[in-house]
>>> print(open('input-v2.pdb').read())   # PDB, C-alpha atoms and all ligand atoms
ATOM      1  CA  MET A 830      70.651 167.769 110.931  1.00  0.00           C
ATOM      2  CA  PRO A 831      72.921 170.745 110.140  1.00  0.00           C
ATOM      3  CA  TYR A 832      75.909 168.415 109.672  1.00  0.00           C
ATOM      4  CA  LYS A 833      74.433 166.301 106.916  1.00  0.00           C
ATOM      5  CA  GLY A 834      76.727 165.942 103.952  1.00  0.00           C
ATOM      6  CA  VAL A 835      80.483 165.800 103.965  1.00  0.00           C
ATOM      7  CA  SER A 836      81.310 168.726 101.724  1.00  0.00           C
ATOM      8  CA  LEU A 837      80.847 171.584 104.140  1.00  0.00           C
ATOM      9  CA  PRO A 838      84.114 172.795 105.624  1.00  0.00           C
ATOM     10  CA  ILE A 839      84.203 172.417 109.361  1.00  0.00           C
ATOM     11  CA  THR A 840      86.851 172.788 112.023  1.00  0.00           C
ATOM     12  CA  LYS A 841      88.430 169.872 113.842  1.00  0.00           C
ATOM     13  CA  ASP A 842      86.731 171.007 117.023  1.00  0.00           C
ATOM     14  CA  GLN A 843      83.369 171.000 115.276  1.00  0.00           C
ATOM     15  CA  LEU A 844      83.981 167.511 113.976  1.00  0.00           C
ATOM     16  CA  LYS A 845      84.898 166.409 117.494  1.00  0.00           C
ATOM     17  CA  GLU A 846      81.639 167.834 118.755  1.00  0.00           C
ATOM     18  CA  ILE A 847      79.778 165.901 116.089  1.00  0.00           C
ATOM     19  CA  PHE A 848      81.433 162.650 117.107  1.00  0.00           C
ATOM     20  CA  LYS A 849      80.640 163.367 120.746  1.00  0.00           C
ATOM     21  CA  LYS A 850      76.986 163.716 119.867  1.00  0.00           C
ATOM     22  CA  TYR A 851      77.059 160.128 118.676  1.00  0.00           C
ATOM     23  CA  ASP A 852      78.195 158.896 122.068  1.00  0.00           C
ATOM     24  CA  LYS A 853      74.706 157.542 122.564  1.00  0.00           C
ATOM     25  CA  ASP A 854      75.328 155.646 125.771  1.00  0.00           C
ATOM     26  CA  GLY A 855      77.154 158.625 127.281  1.00  0.00           C
ATOM     27  CA  ASP A 856      80.221 156.719 128.466  1.00  0.00           C
ATOM     28  CA  GLY A 857      82.542 159.386 127.044  1.00  0.00           C
ATOM     29  CA  LYS A 858      83.936 157.005 124.436  1.00  0.00           C
ATOM     30  CA  ILE A 859      82.950 156.306 120.866  1.00  0.00           C
ATOM     31  CA  SER A 860      82.336 152.652 120.081  1.00  0.00           C
ATOM     32  CA  LYS A 861      82.459 151.135 116.636  1.00  0.00           C
ATOM     33  CA  GLN A 862      78.653 151.074 116.513  1.00  0.00           C
ATOM     34  CA  GLU A 863      78.419 154.731 117.473  1.00  0.00           C
ATOM     35  CA  LEU A 864      81.048 155.701 114.927  1.00  0.00           C
ATOM     36  CA  LYS A 865      79.320 153.686 112.245  1.00  0.00           C
ATOM     37  CA  LEU A 866      76.118 155.650 112.814  1.00  0.00           C
ATOM     38  CA  ALA A 867      78.035 158.929 112.694  1.00  0.00           C
ATOM     39  CA  PHE A 868      79.664 158.050 109.362  1.00  0.00           C
ATOM     40  CA  LYS A 869      76.381 156.812 107.987  1.00  0.00           C
ATOM     41  CA  GLU A 870      74.636 160.069 108.800  1.00  0.00           C
ATOM     42  CA  MET A 871      77.537 162.014 107.312  1.00  0.00           C
ATOM     43  CA  GLY A 872      76.732 160.251 104.071  1.00  0.00           C
ATOM     44  CA  LEU A 873      79.907 158.176 103.833  1.00  0.00           C
ATOM     45  CA  ASN A 874      79.832 154.868 101.986  1.00  0.00           C
ATOM     46  CA  PHE A 875      80.605 151.663 103.877  1.00  0.00           C
ATOM     47  CA  PRO A 876      80.213 153.272 107.306  1.00  0.00           C
ATOM     48  CA  GLY A 877      80.807 149.988 109.165  1.00  0.00           C
ATOM     49  CA  LEU A 878      84.025 149.272 107.310  1.00  0.00           C
ATOM     50  CA  ARG A 879      85.242 152.819 107.789  1.00  0.00           C
ATOM     51  CA  ALA A 880      84.348 152.777 111.471  1.00  0.00           C
ATOM     52  CA  GLY A 881      86.436 149.650 111.990  1.00  0.00           C
ATOM     53  CA  ARG A 882      89.409 151.105 110.148  1.00  0.00           C
ATOM     54  CA  ALA A 883      89.146 154.473 111.873  1.00  0.00           C
ATOM     55  CA  ILE A 884      89.090 152.868 115.302  1.00  0.00           C
ATOM     56  CA  ARG A 885      92.068 150.660 114.513  1.00  0.00           C
ATOM     57  CA  HIS A 886      93.934 153.792 113.411  1.00  0.00           C
ATOM     58  CA  ALA A 887      92.929 156.093 116.262  1.00  0.00           C
ATOM     59  CA  ASP A 888      92.640 153.664 119.175  1.00  0.00           C
ATOM     60  CA  ILE A 889      95.996 154.330 120.780  1.00  0.00           C
ATOM     61  CA  ASN A 890      95.417 152.433 124.034  1.00  0.00           C
ATOM     62  CA  GLU A 891      93.755 149.577 122.111  1.00  0.00           C
ATOM     63  CA  ASP A 892      90.628 149.247 124.227  1.00  0.00           C
ATOM     64  CA  GLY A 893      88.391 149.250 121.171  1.00  0.00           C
ATOM     65  CA  TYR A 894      86.932 152.686 121.868  1.00  0.00           C
ATOM     66  CA  ILE A 895      87.831 156.256 120.986  1.00  0.00           C
ATOM     67  CA  ASN A 896      88.206 158.409 124.070  1.00  0.00           C
ATOM     68  CA  GLU A 897      88.663 162.161 124.374  1.00  0.00           C
ATOM     69  CA  GLU A 898      92.433 162.073 123.761  1.00  0.00           C
ATOM     70  CA  GLU A 899      92.116 159.727 120.809  1.00  0.00           C
ATOM     71  CA  MET A 900      89.443 161.874 119.211  1.00  0.00           C
ATOM     72  CA  GLY A 901      92.103 164.057 117.577  1.00  0.00           C
ATOM     73  CA  GLN A 902      93.492 161.053 115.713  1.00  0.00           C
ATOM     74  CA  LEU A 903      90.019 160.075 114.656  1.00  0.00           C
ATOM     75  CA  VAL A 904      89.286 163.534 113.303  1.00  0.00           C
ATOM     76  CA  THR A 905      92.547 163.600 111.341  1.00  0.00           C
ATOM     77  CA  TYR A 906      91.788 160.181 109.914  1.00  0.00           C
ATOM     78  CA  ALA A 907      88.210 161.065 108.962  1.00  0.00           C
ATOM     79  CA  SER A 908      89.463 164.173 107.179  1.00  0.00           C
ATOM     80  CA  ARG A 909      90.968 161.929 104.484  1.00  0.00           C
ATOM     81  CA  TRP A 910      87.542 160.932 103.297  1.00  0.00           C
ATOM     82  CA  GLY A 911      86.364 164.248 102.029  1.00  0.00           C
ATOM     83  CA  VAL A 912      85.174 165.534 105.370  1.00  0.00           C
ATOM     84  CA  LYS A 913      86.584 168.977 104.736  1.00  0.00           C
ATOM     85  CA  ILE A 914      88.400 170.470 107.664  1.00  0.00           C
ATOM     86  CA  TYR A 915      90.093 173.820 107.885  1.00  0.00           C
TER      87      TYR A 915
HETATM   88 CA    CA B1001      79.800 155.516 123.852  1.00  0.00          CA
HETATM   89 CA    CA B1002      90.995 153.781 123.021  1.00  0.00          CA
END
>>> encode(input="input-v2.pdb", output="structure tokens")
Amino acid sequence: MPYKGVSLPITKDQLKEIFKKYDKDGDGKISKQELKLAFKEMGLNFPGLRAGRAIRHADINEDGYINEEEMGQLVTYASRWGVKIY
């Protein structure tokens, strides 16, 4: 797990790639459950709560999932929580 911990600076593209890895069912979209697991493994507190908030913020077409286009919003949102992005 090279991505463990939230303090290492990573690029937005890298963070996107990390989120994509958590697309466990391979449908090309990140569900709340998948996002929760991602946040949990990043070491964030309250991953379920954060996943819900992040999806509400980034889910532009309001289908409850984060797709490729919405991923940018998600990354920007996640960067507020100490996931360092340069
Ligand atoms: Ca998925
Ligand atoms: Ca969506």
>>> resolve_selection(input="input-v2.pdb", expression="the PyMOL selection byres (((not hetatm)) within 10 of (chain B and resi 1001))", output="NGL selection string")
:A and (848-864 or 894-896)
>>> closest_atom_pairs(input="input-v2.pdb", of="chain A", to="ligand CA 1002 (chain B)", cutoff="7 Å", atoms="only C-alpha atoms and all ligand atoms", output="Markdown table")
| residue | atom | partner | partner_atom | distance |
| --- | --- | --- | --- | --- |
| A:Asp888 | CA | B:CA1002 | CA | 4.2 |
| A:Ile889 | CA | B:CA1002 | CA | 5.5 |
| A:Asn890 | CA | B:CA1002 | CA | 4.7 |
| A:Glu891 | CA | B:CA1002 | CA | 5.1 |
| A:Asp892 | CA | B:CA1002 | CA | 4.7 |
| A:Gly893 | CA | B:CA1002 | CA | 5.5 |
| A:Tyr894 | CA | B:CA1002 | CA | 4.4 |
| A:Ile895 | CA | B:CA1002 | CA | 4.5 |
| A:Asn896 | CA | B:CA1002 | CA | 5.5 |
| A:Glu899 | CA | B:CA1002 | CA | 6.4 |
>>> atom_distance(input="input-v2.pdb", atom1="atom CA of A:Leu873", atom2="atom CA of A:Asp842")
19.6 Å
>>> residues_near_point(input="input-v2.pdb", point="(80.7, 153.8, 111.3)", cutoff="10 Å", atoms="only C-alpha atoms", output="ChimeraX atom specification")
/A:860-871,873-884
>>> atom_distance(input="input-v2.pdb", atom1="atom CA of A:Pro838", atom2="atom CA of A:Arg885")
25.1 Å
>>> atom_distance(input="input-v2.pdb", atom1="atom CA of A:Leu903", atom2="atom CA of A:Lys845")
8.6 Å
>>> axis_aligned_box(input="input-v2.pdb", around="stretch 873-887 of chain A", padding_each_side="4 Å", output="AutoDock Vina command-line options")
--center_x 86.9 --center_y 153.7 --center_z 109.1 --size_x 22.1 --size_y 16.9 --size_z 22.3
>>> residues_around(input="input-v2.pdb", residues="stretch 904-908 of chain A", least_positions_apart="6", cutoff="8 Å", atoms="only C-alpha atoms", output="PyMOL selection string")
chain A and resi 841+844-845+883+886-887+914
